[in-house]
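*Asks:* final_24.cif is reproduced in full below (mmCIF, C-alpha atoms).
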data_data
#
loop_
_atom_site.group_PDB
_atom_site.id
_atom_site.type_symbol
_atom_site.label_atom_id
_atom_site.label_comp_id
_atom_site.auth_asym_id
_atom_site.auth_seq_id
_atom_site.Cartn_x
_atom_site.Cartn_y
_atom_site.Cartn_z
ATOM 1 C CA MET M 1 -5.900 2.442 23.054
ATOM 2 C CA TYR M 2 -7.655 0.864 20.083
ATOM 3 C CA ARG M 3 -10.873 2.731 20.880
ATOM 4 C CA ARG M 4 -9.260 5.938 19.667
ATOM 5 C CA PHE M 5 -9.761 4.456 16.237
ATOM 6 C CA LEU M 6 -13.513 4.988 16.540
ATOM 7 C CA HIS M 7 -13.080 8.701 15.933
ATOM 8 C CA PHE M 8 -11.770 7.898 12.465
ATOM 9 C CA CYS M 9 -14.440 5.407 11.350
ATOM 10 C CA PRO M 10 -15.817 6.457 7.950
ATOM 11 C CA ILE M 11 -19.362 7.794 7.745
ATOM 12 C CA LEU M 12 -20.285 6.702 4.242
ATOM 13 C CA SER M 13 -23.696 8.234 3.814
ATOM 14 C CA GLN M 14 -26.869 9.457 5.473
ATOM 15 C CA CYS M 15 -30.019 7.396 5.907
ATOM 16 C CA PRO M 16 -32.234 7.692 2.812
ATOM 17 C CA SER M 17 -35.666 9.137 3.310
ATOM 18 C CA VAL M 18 -37.345 6.143 1.683
ATOM 19 C CA ARG M 19 -36.257 3.929 4.567
ATOM 20 C CA SER M 20 -38.538 3.446 7.533
ATOM 21 C CA VAL M 21 -37.066 5.241 10.536
ATOM 22 C CA SER M 22 -38.400 2.557 12.855
ATOM 23 C CA SER M 23 -36.730 -0.183 10.762
ATOM 24 C CA LEU M 24 -33.387 1.578 10.931
ATOM 25 C CA GLN M 25 -33.715 2.078 14.656
ATOM 26 C CA ASN M 26 -34.659 -1.554 15.199
ATOM 27 C CA LEU M 27 -31.644 -2.768 13.232
ATOM 28 C CA GLU M 28 -29.333 -0.414 15.081
ATOM 29 C CA GLN M 29 -30.645 -1.645 18.428
ATOM 30 C CA ALA M 30 -30.297 -5.278 17.362
ATOM 31 C CA VAL M 31 -26.717 -4.808 16.189
ATOM 32 C CA ARG M 32 -25.863 -2.915 19.374
ATOM 33 C CA ALA M 33 -27.252 -5.730 21.496
ATOM 34 C CA GLU M 34 -25.177 -8.380 19.698
ATOM 35 C CA VAL M 35 -22.029 -6.235 19.880
ATOM 36 C CA GLU M 36 -22.460 -5.668 23.601
ATOM 37 C CA ALA M 37 -23.067 -9.390 24.091
ATOM 38 C CA LYS M 38 -20.046 -10.158 21.869
ATOM 39 C CA ASN M 39 -22.213 -12.415 19.699
ATOM 40 C CA TYR M 40 -20.342 -11.372 16.592
ATOM 41 C CA ASP M 41 -21.325 -14.454 14.592
ATOM 42 C CA LYS M 42 -24.957 -13.324 14.666
ATOM 43 C CA ILE M 43 -24.304 -9.896 13.171
ATOM 44 C CA PRO M 44 -24.143 -10.952 9.471
ATOM 45 C CA ASP M 45 -27.654 -12.425 9.693
ATOM 46 C CA LEU M 46 -28.948 -9.100 10.961
ATOM 47 C CA LEU M 47 -27.252 -7.173 8.194
ATOM 48 C CA VAL M 48 -28.874 -9.093 5.360
ATOM 49 C CA SER M 49 -32.275 -7.874 6.557
ATOM 50 C CA LEU M 50 -31.425 -4.287 5.666
ATOM 51 C CA ASP M 51 -28.670 -2.399 3.881
ATOM 52 C CA SER M 52 -26.596 -1.475 6.902
ATOM 53 C CA SER M 53 -24.141 0.486 4.786
ATOM 54 C CA GLN M 54 -26.702 3.291 4.870
ATOM 55 C CA ILE M 55 -26.675 3.522 8.680
ATOM 56 C CA PRO M 56 -23.809 5.586 10.045
ATOM 57 C CA GLN M 57 -24.228 4.360 13.623
ATOM 58 C CA THR M 58 -23.958 0.754 12.438
ATOM 59 C CA HIS M 59 -20.469 1.477 11.077
ATOM 60 C CA VAL M 60 -19.415 2.664 14.519
ATOM 61 C CA LEU M 61 -20.924 -0.410 16.167
ATOM 62 C CA LEU M 62 -19.187 -2.768 13.762
ATOM 63 C CA SER M 63 -15.933 -0.918 14.305
ATOM 64 C CA SER M 64 -16.407 -1.370 18.027
ATOM 65 C CA ALA M 65 -16.859 -5.086 17.501
ATOM 66 C CA TRP M 66 -13.710 -5.207 15.425
ATOM 67 C CA LEU M 67 -11.747 -3.352 18.081
ATOM 68 C CA ASP M 68 -12.897 -5.820 20.739
ATOM 69 C CA GLN M 69 -11.662 -8.612 18.500
ATOM 70 C CA ARG M 70 -8.352 -6.778 18.030
ATOM 71 C CA CYS M 71 -7.660 -7.091 21.741
ATOM 72 C CA LEU M 72 -7.729 -10.887 21.357
ATOM 73 C CA SER M 73 -5.486 -11.003 18.307
ATOM 74 C CA GLN M 74 -1.751 -10.571 17.848
ATOM 75 C CA SER M 75 -1.938 -9.563 14.213
ATOM 76 C CA VAL M 76 -3.693 -6.579 12.668
ATOM 77 C CA ALA M 77 -3.418 -8.312 9.300
ATOM 78 C CA ASN M 78 -5.533 -11.228 10.553
ATOM 79 C CA ILE M 79 -8.143 -8.768 11.778
ATOM 80 C CA LEU M 80 -8.678 -7.517 8.237
ATOM 81 C CA LEU M 81 -10.037 -10.937 7.356
ATOM 82 C CA GLU M 82 -12.031 -11.132 10.592
ATOM 83 C CA MET M 83 -13.751 -7.865 9.688
ATOM 84 C CA GLN M 84 -15.635 -9.637 6.933
ATOM 85 C CA SER M 85 -16.896 -12.270 9.349
ATOM 86 C CA ILE M 86 -18.727 -9.573 11.306
ATOM 87 C CA GLY M 87 -20.084 -7.833 8.226
ATOM 88 C CA TYR M 88 -17.623 -4.961 8.154
ATOM 89 C CA HIS M 89 -15.723 -4.218 4.950
ATOM 90 C CA PRO M 90 -12.894 -1.701 5.471
ATOM 91 C CA ASP M 91 -12.234 0.981 2.912
ATOM 92 C CA CYS M 92 -8.884 2.510 1.966
ATOM 93 C CA GLY M 93 -9.308 5.371 4.428
ATOM 94 C CA THR M 94 -9.681 2.920 7.315
ATOM 95 C CA CYS M 95 -6.781 0.720 6.200
ATOM 96 C CA ASN M 96 -4.526 3.681 5.513
ATOM 97 C CA TYR M 97 -5.178 4.972 9.026
ATOM 98 C CA LEU M 98 -4.143 1.567 10.352
ATOM 99 C CA LEU M 99 -0.986 1.670 8.242
ATOM 100 C CA SER M 100 -0.116 5.161 9.476
ATOM 101 C CA SER M 101 -0.672 4.118 13.080
ATOM 102 C CA LEU M 102 1.509 1.027 12.750
ATOM 103 C CA CYS M 103 4.304 2.923 11.002
ATOM 104 C CA ALA M 104 4.178 5.660 13.642
ATOM 105 C CA VAL M 105 5.129 3.114 16.309
ATOM 106 C CA ASP M 106 7.697 1.344 14.110
ATOM 107 C CA GLN M 107 5.555 -1.748 13.530
ATOM 108 C CA LEU M 108 6.814 -1.979 9.960
ATOM 109 C CA VAL M 109 6.617 -5.751 9.629
ATOM 110 C CA GLU M 110 2.984 -5.664 10.697
ATOM 111 C CA ALA M 111 2.302 -2.723 8.392
ATOM 112 C CA VAL M 112 3.597 -4.720 5.422
ATOM 113 C CA LYS M 113 1.357 -7.638 6.409
ATOM 114 C CA VAL M 114 -1.643 -5.309 6.540
ATOM 115 C CA LEU M 115 -0.734 -3.787 3.174
ATOM 116 C CA LYS M 116 -0.475 -7.215 1.557
ATOM 117 C CA GLY M 117 -3.642 -8.415 3.285
ATOM 118 C CA MET M 118 -5.862 -5.539 2.182
ATOM 119 C CA GLY M 119 -6.811 -7.190 -1.108
ATOM 120 C CA GLY M 120 -7.917 -10.352 0.672
ATOM 121 C CA ALA M 121 -10.169 -8.259 2.900
ATOM 122 C CA GLY M 122 -11.894 -6.696 -0.102
ATOM 123 C CA CYS M 123 -9.974 -3.415 0.007
ATOM 124 C CA ILE M 124 -7.541 -2.784 -2.842
ATOM 125 C CA PRO M 125 -4.608 -0.629 -1.684
ATOM 126 C CA ASP M 126 -4.050 2.711 -3.389
ATOM 127 C CA SER M 127 -0.931 4.797 -3.980
ATOM 128 C CA ASN M 128 -1.292 6.397 -0.572
ATOM 129 C CA SER M 129 -1.367 2.965 1.099
ATOM 130 C CA TYR M 130 1.964 2.061 -0.447
ATOM 131 C CA GLY M 131 3.360 5.555 0.069
ATOM 132 C CA ILE M 132 2.781 5.358 3.819
ATOM 133 C CA VAL M 133 4.710 2.112 4.220
ATOM 134 C CA ILE M 134 7.436 2.958 1.698
ATOM 135 C CA GLY M 135 8.028 6.299 3.421
ATOM 136 C CA ALA M 136 8.388 4.561 6.785
ATOM 137 C CA MET M 137 10.809 2.036 5.291
ATOM 138 C CA CYS M 138 12.896 4.833 3.823
ATOM 139 C CA ARG M 139 13.126 6.659 7.158
ATOM 140 C CA VAL M 140 15.008 3.687 8.591
ATOM 141 C CA ARG M 141 16.860 3.030 5.301
ATOM 142 C CA ARG M 142 15.250 -0.345 4.641
ATOM 143 C CA THR M 143 15.672 0.306 0.970
ATOM 144 C CA ALA M 144 15.466 -3.265 -0.331
ATOM 145 C CA GLU M 145 11.967 -3.688 1.093
ATOM 146 C CA ALA M 146 10.935 -0.236 -0.103
ATOM 147 C CA GLU M 147 12.111 -1.102 -3.624
ATOM 148 C CA ASP M 148 10.109 -4.331 -3.576
ATOM 149 C CA LEU M 149 6.965 -2.440 -2.563
ATOM 150 C CA ILE M 150 7.446 0.117 -5.353
ATOM 151 C CA LYS M 151 7.726 -2.685 -7.904
ATOM 152 C CA GLN M 152 4.731 -4.499 -6.415
ATOM 153 C CA MET M 153 2.443 -1.469 -6.575
ATOM 154 C CA VAL M 154 3.454 -0.763 -10.176
ATOM 155 C CA VAL M 155 3.392 -4.308 -11.554
ATOM 156 C CA LYS M 156 0.623 -5.921 -9.496
ATOM 157 C CA TYR M 157 -1.839 -3.040 -9.153
ATOM 158 C CA GLY M 158 -0.806 -0.694 -11.969
ATOM 159 C CA LEU M 159 -0.371 2.172 -9.501
ATOM 160 C CA THR M 160 1.877 5.164 -10.024
ATOM 161 C CA PRO M 161 4.183 6.089 -7.140
ATOM 162 C CA GLY M 162 3.814 9.668 -5.996
ATOM 163 C CA GLN M 163 6.804 11.893 -6.716
ATOM 164 C CA GLY M 164 7.219 12.445 -2.975
ATOM 165 C CA THR M 165 7.371 8.689 -2.385
ATOM 166 C CA LEU M 166 9.951 8.241 -5.133
ATOM 167 C CA VAL M 167 12.088 11.089 -3.802
ATOM 168 C CA LYS M 168 12.102 9.470 -0.340
ATOM 169 C CA LEU M 169 13.275 6.171 -1.796
ATOM 170 C CA LEU M 170 15.990 7.745 -3.941
ATOM 171 C CA ALA M 171 17.183 9.867 -1.014
ATOM 172 C CA ALA M 172 17.434 6.757 1.162
ATOM 173 C CA LEU M 173 19.344 4.910 -1.565
ATOM 174 C CA ARG M 174 21.690 7.871 -1.868
ATOM 175 C CA ALA M 175 22.233 7.905 1.890
ATOM 176 C CA ASN M 176 23.063 4.188 1.700
ATOM 177 C CA ARG M 177 25.369 4.917 -1.250
ATOM 178 C CA GLU M 178 23.353 2.476 -3.373
ATOM 179 C CA ILE M 179 23.556 4.666 -6.428
ATOM 180 C CA TRP M 180 23.326 1.879 -9.018
ATOM 181 C CA LYS M 181 20.013 0.805 -7.500
ATOM 182 C CA SER M 182 18.768 4.389 -7.851
ATOM 183 C CA VAL M 183 19.560 4.345 -11.547
ATOM 184 C CA GLU M 184 17.921 0.943 -11.945
ATOM 185 C CA MET M 185 14.781 2.216 -10.189
ATOM 186 C CA ILE M 186 14.469 5.155 -12.577
ATOM 187 C CA GLU M 187 14.955 2.838 -15.547
ATOM 188 C CA PHE M 188 12.320 0.448 -14.182
ATOM 189 C CA LEU M 189 9.724 3.182 -13.679
ATOM 190 C CA GLU M 190 10.284 4.676 -17.112
ATOM 191 C CA LYS M 191 10.061 1.252 -18.707
ATOM 192 C CA GLU M 192 6.704 0.740 -16.981
ATOM 193 C CA GLY M 193 5.437 4.070 -18.311
ATOM 194 C CA ASN M 194 5.743 6.074 -15.100
ATOM 195 C CA SER M 195 7.086 9.614 -15.147
ATOM 196 C CA VAL M 196 10.104 10.631 -13.089
ATOM 197 C CA GLY M 197 10.346 14.208 -11.859
ATOM 198 C CA PHE M 198 13.207 16.707 -11.903
ATOM 199 C CA GLU M 199 14.027 16.313 -8.205
ATOM 200 C CA SER M 200 14.401 12.559 -8.563
ATOM 201 C CA TYR M 201 16.882 12.924 -11.417
ATOM 202 C CA GLU M 202 18.870 15.521 -9.461
ATOM 203 C CA LEU M 203 19.111 13.228 -6.435
ATOM 204 C CA VAL M 204 20.469 10.391 -8.537
ATOM 205 C CA ILE M 205 22.998 12.562 -10.405
ATOM 206 C CA GLU M 206 24.266 14.100 -7.176
ATOM 207 C CA GLY M 207 24.629 10.604 -5.713
ATOM 208 C CA CYS M 208 26.645 9.563 -8.766
ATOM 209 C CA LEU M 209 28.924 12.574 -8.377
ATOM 210 C CA GLU M 210 29.458 11.837 -4.681
ATOM 211 C CA LYS M 211 30.692 8.353 -5.570
ATOM 212 C CA ARG M 212 32.695 9.704 -8.512
ATOM 213 C CA GLU M 213 30.623 7.680 -10.942
ATOM 214 C CA TYR M 214 31.017 10.351 -13.612
ATOM 215 C CA VAL M 215 30.095 8.197 -16.594
ATOM 216 C CA LEU M 216 26.934 7.071 -14.828
ATOM 217 C CA ALA M 217 26.140 10.689 -13.932
ATOM 218 C CA GLY M 218 26.502 11.626 -17.604
ATOM 219 C CA LYS M 219 24.201 8.785 -18.632
ATOM 220 C CA VAL M 220 21.504 9.846 -16.164
ATOM 221 C CA ALA M 221 21.872 13.482 -17.214
ATOM 222 C CA MET M 222 21.380 12.532 -20.878
ATOM 223 C CA GLY M 223 18.235 10.616 -19.951
ATOM 224 C CA MET M 224 17.078 13.589 -17.932
ATOM 225 C CA THR M 225 17.417 15.928 -20.902
ATOM 226 C CA GLU M 226 15.364 13.561 -23.051
ATOM 227 C CA ARG M 227 12.454 14.271 -20.662
ATOM 228 C CA GLY M 228 12.918 18.018 -21.081
ATOM 229 C CA PHE M 229 14.836 18.568 -17.834
ATOM 230 C CA ILE M 230 18.303 20.057 -17.450
ATOM 231 C CA PRO M 231 20.442 19.799 -14.303
ATOM 232 C CA TYR M 232 21.345 22.876 -12.268
ATOM 233 C CA ILE M 233 24.389 24.711 -13.611
ATOM 234 C CA LYS M 234 26.716 23.618 -10.789
ATOM 235 C CA VAL M 235 25.704 20.007 -11.344
ATOM 236 C CA ARG M 236 26.321 20.356 -15.078
ATOM 237 C CA GLN M 237 29.776 21.743 -14.423
ATOM 238 C CA LYS M 238 30.643 18.908 -12.029
ATOM 239 C CA ILE M 239 29.567 16.301 -14.581
ATOM 240 C CA ILE M 240 31.769 17.805 -17.322
ATOM 241 C CA GLU M 241 34.720 18.316 -14.967
ATOM 242 C CA GLY M 242 34.381 14.772 -13.645
ATOM 243 C CA LEU M 243 34.307 13.230 -17.101
ATOM 244 C CA THR M 244 37.344 15.181 -18.260
ATOM 245 C CA SER M 245 39.250 14.239 -15.087
ATOM 246 C CA ILE M 246 39.010 10.558 -16.061
ATOM 247 C CA ASP M 247 39.781 11.264 -19.717
ATOM 248 C CA GLU M 248 36.256 10.564 -20.957
ATOM 249 C CA TRP M 249 36.513 13.396 -23.457
ATOM 250 C CA LYS M 250 34.035 12.039 -25.971
ATOM 251 C CA ILE M 251 31.319 11.548 -23.370
ATOM 252 C CA ALA M 252 32.042 14.960 -21.878
ATOM 253 C CA CYS M 253 31.720 16.573 -25.295
ATOM 254 C CA ALA M 254 28.442 14.782 -26.048
ATOM 255 C CA VAL M 255 26.959 15.755 -22.677
ATOM 256 C CA ARG M 256 28.091 19.383 -23.074
ATOM 257 C CA GLN M 257 26.526 19.585 -26.529
ATOM 258 C CA ARG M 258 23.295 18.123 -25.218
ATOM 259 C CA PHE M 259 23.140 20.708 -22.434
ATOM 260 C CA ALA M 260 23.818 23.513 -24.924
ATOM 261 C CA ALA M 261 21.120 22.279 -27.305
ATOM 262 C CA LEU M 262 18.529 22.114 -24.531
ATOM 263 C CA LYS M 263 19.361 25.604 -23.240
ATOM 264 C CA SER M 264 18.968 27.050 -26.724
#
As structure tokens - that is how I would like this structure written.
*Replies:*
Amino acid sequence: MYRRFLHFCPILSQCPSVRSVSSLQNLEQAVRAEVEAKNYDKIPDLLVSLDSSQIPQTHVLLSSAWLDQRCLSQSVANILLEMQSIGYHPDCGTCNYLLSSLCAVDQLVEAVKVLKGMGGAGCIPDSNSYGIVIGAMCRVRRTAEAEDLIKQMVVKYGLTPGQGTLVKLLAALRANREIWKSVEMIEFLEKEGNSVGFESYELVIEGCLEKREYVLAGKVAMGMTERGFIPYIKVRQKIIEGLTSIDEWKIACAVRQRFAALKS
């Protein structure tokens, strides 16, 4: 089944005209011979003789060698390191395809290993890499691991989570009734300089209202208005009604005034 991957191997560039066609053909034939003979340790020596990154067919051959190695290994993450030993350096497109494939068959533990091993294989993960795994974690409500990955991508790599990725996490936290963690996640992202969209705020406020955390809902709503957003009218009404029902008149008045000021 791994050979299906060959259809997705990246074609980085075309052969430059300044190269000798015969030299390119000779290198391609030499690499093919070593791949077919499974003499993978000899491939790096061939590659130093010519810039193989300019030969599309060589990418396919090296991918074939990697796939043969995959059949002998139990861990995709280990294969990322083995790629370098045969002169193949994966890019984000290749690694993200691997992540998507693993998540599609619920191999989430392996997907996390691949994600964390990308840097060691010379391929720095991007926002999409994290988004793929975080989205899969959220589908099965593994929110603690998804939260850790969000914090890792922001702190370690300086990446910004996509709004879709954040919405998936907050929706999963809401489904798990982990509303305080939702609020903490928004506070963390804002502290790190990341923007939070309208939909994310709405999810958190609605989760607060479901758990009758009216004071917390008011706090989130006030923070939301500071970013120029205002909750839907029904949500605004529920916040005010909830606060008054627990005799938090002062907070209710402050929130109402803030809503009125923003509408004007």
*Asks:* Kindly give the distance, in Å, that separates CA of Lys238 in chain M and CA of Leu203 in chain M, rounded to a single decimal.
*Replies:*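 For CA of Lys238 in chain M relative to CA of Leu203 in chain M, the distance reads 14.0 Å.
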*Asks:* Under the PyMOL selection byres ((chain M and resi 111) around 10), which residues of this model are included? Write them out as a ChimeraX atom specification.
*Replies:* /M:75-77,95-96,98-103,106-110,112-117,129,132-133,136
*Asks:* So what do you get for CA of Val167 in chain M versus CA of Ser200 in chain M, distance-wise?
*Replies:*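 CA of Val167 in chain M sits 5.5 Å away from CA of Ser200 in chain M.
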*Asks:* What residues come out when you apply the PyMOL selection byres ((chain M and resi 185) around 10) to this file, written as JSON, numbers by chain?
*Replies:* {"M": [147, 150, 151, 166, 169, 170, 179, 180, 181, 182, 183, 184, 186, 187, 188, 189, 190, 191]}
*Asks:* Separation of CA of Ile230 in chain M and CA of Val154 in chain M, in Å?
*Replies:*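 Calculated distance between CA of Ile230 in chain M and CA of Val154 in chain M is 26.6 Å.
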*Asks:* Can you list, as a ChimeraX atom specification, the residues that the PyMOL selection byres ((chain M and resi 243) around 12) selects here?
*Replies:* /M:208-209,212-219,236-242,244-256
*Asks:* Just the residues within 10 Å of Gly228 in chain M, please, counting all atoms listed in the file, with nothing from its chain fewer than 5 positions along; format it as a PDB file with C-alpha atoms, keeping the file's coordinate frame.
*Replies:*
ATOM      1  CA  PHE M 198      13.207  16.707 -11.903  1.00  0.00           C
ATOM      2  CA  GLY M 223      18.235  10.616 -19.951  1.00  0.00           C
ATOM      3  CA  LEU M 262      18.529  22.114 -24.531  1.00  0.00           C
TER       4      LEU M 262
END
*Asks:* Check the smallest atom-to-atom distance from each of M:Glu206, M:Glu145, M:Asp91, M:Glu34 to Cys123 in chain M using all atoms listed in the file, then report the winner.
*Replies:*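 Comparing M:Glu206, M:Glu145, M:Asp91, M:Glu34 against Cys123 in chain M, the winner is M:Asp91.
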*Asks:* When you look at Gly135 in chain M with a cut-off of 8 Å (counting only C-alpha atoms), what residues show up, excluding the ones that are within fewer than 2 positions of it in the same chain? I need them as a CSV table (one decimal) with C-alpha atoms, in the coordinates of the input.
*Replies:*
chain,number,residue,atom,x,y,z
M,131,GLY,CA,3.4,5.6,0.1
M,132,ILE,CA,2.8,5.4,3.8
M,133,VAL,CA,4.7,2.1,4.2
M,137,MET,CA,10.8,2.0,5.3
M,138,CYS,CA,12.9,4.8,3.8
M,139,ARG,CA,13.1,6.7,7.2
M,146,ALA,CA,10.9,-0.2,-0.1
M,165,THR,CA,7.4,8.7,-2.4
M,168,LYS,CA,12.1,9.5,-0.3
M,169,LEU,CA,13.3,6.2,-1.8
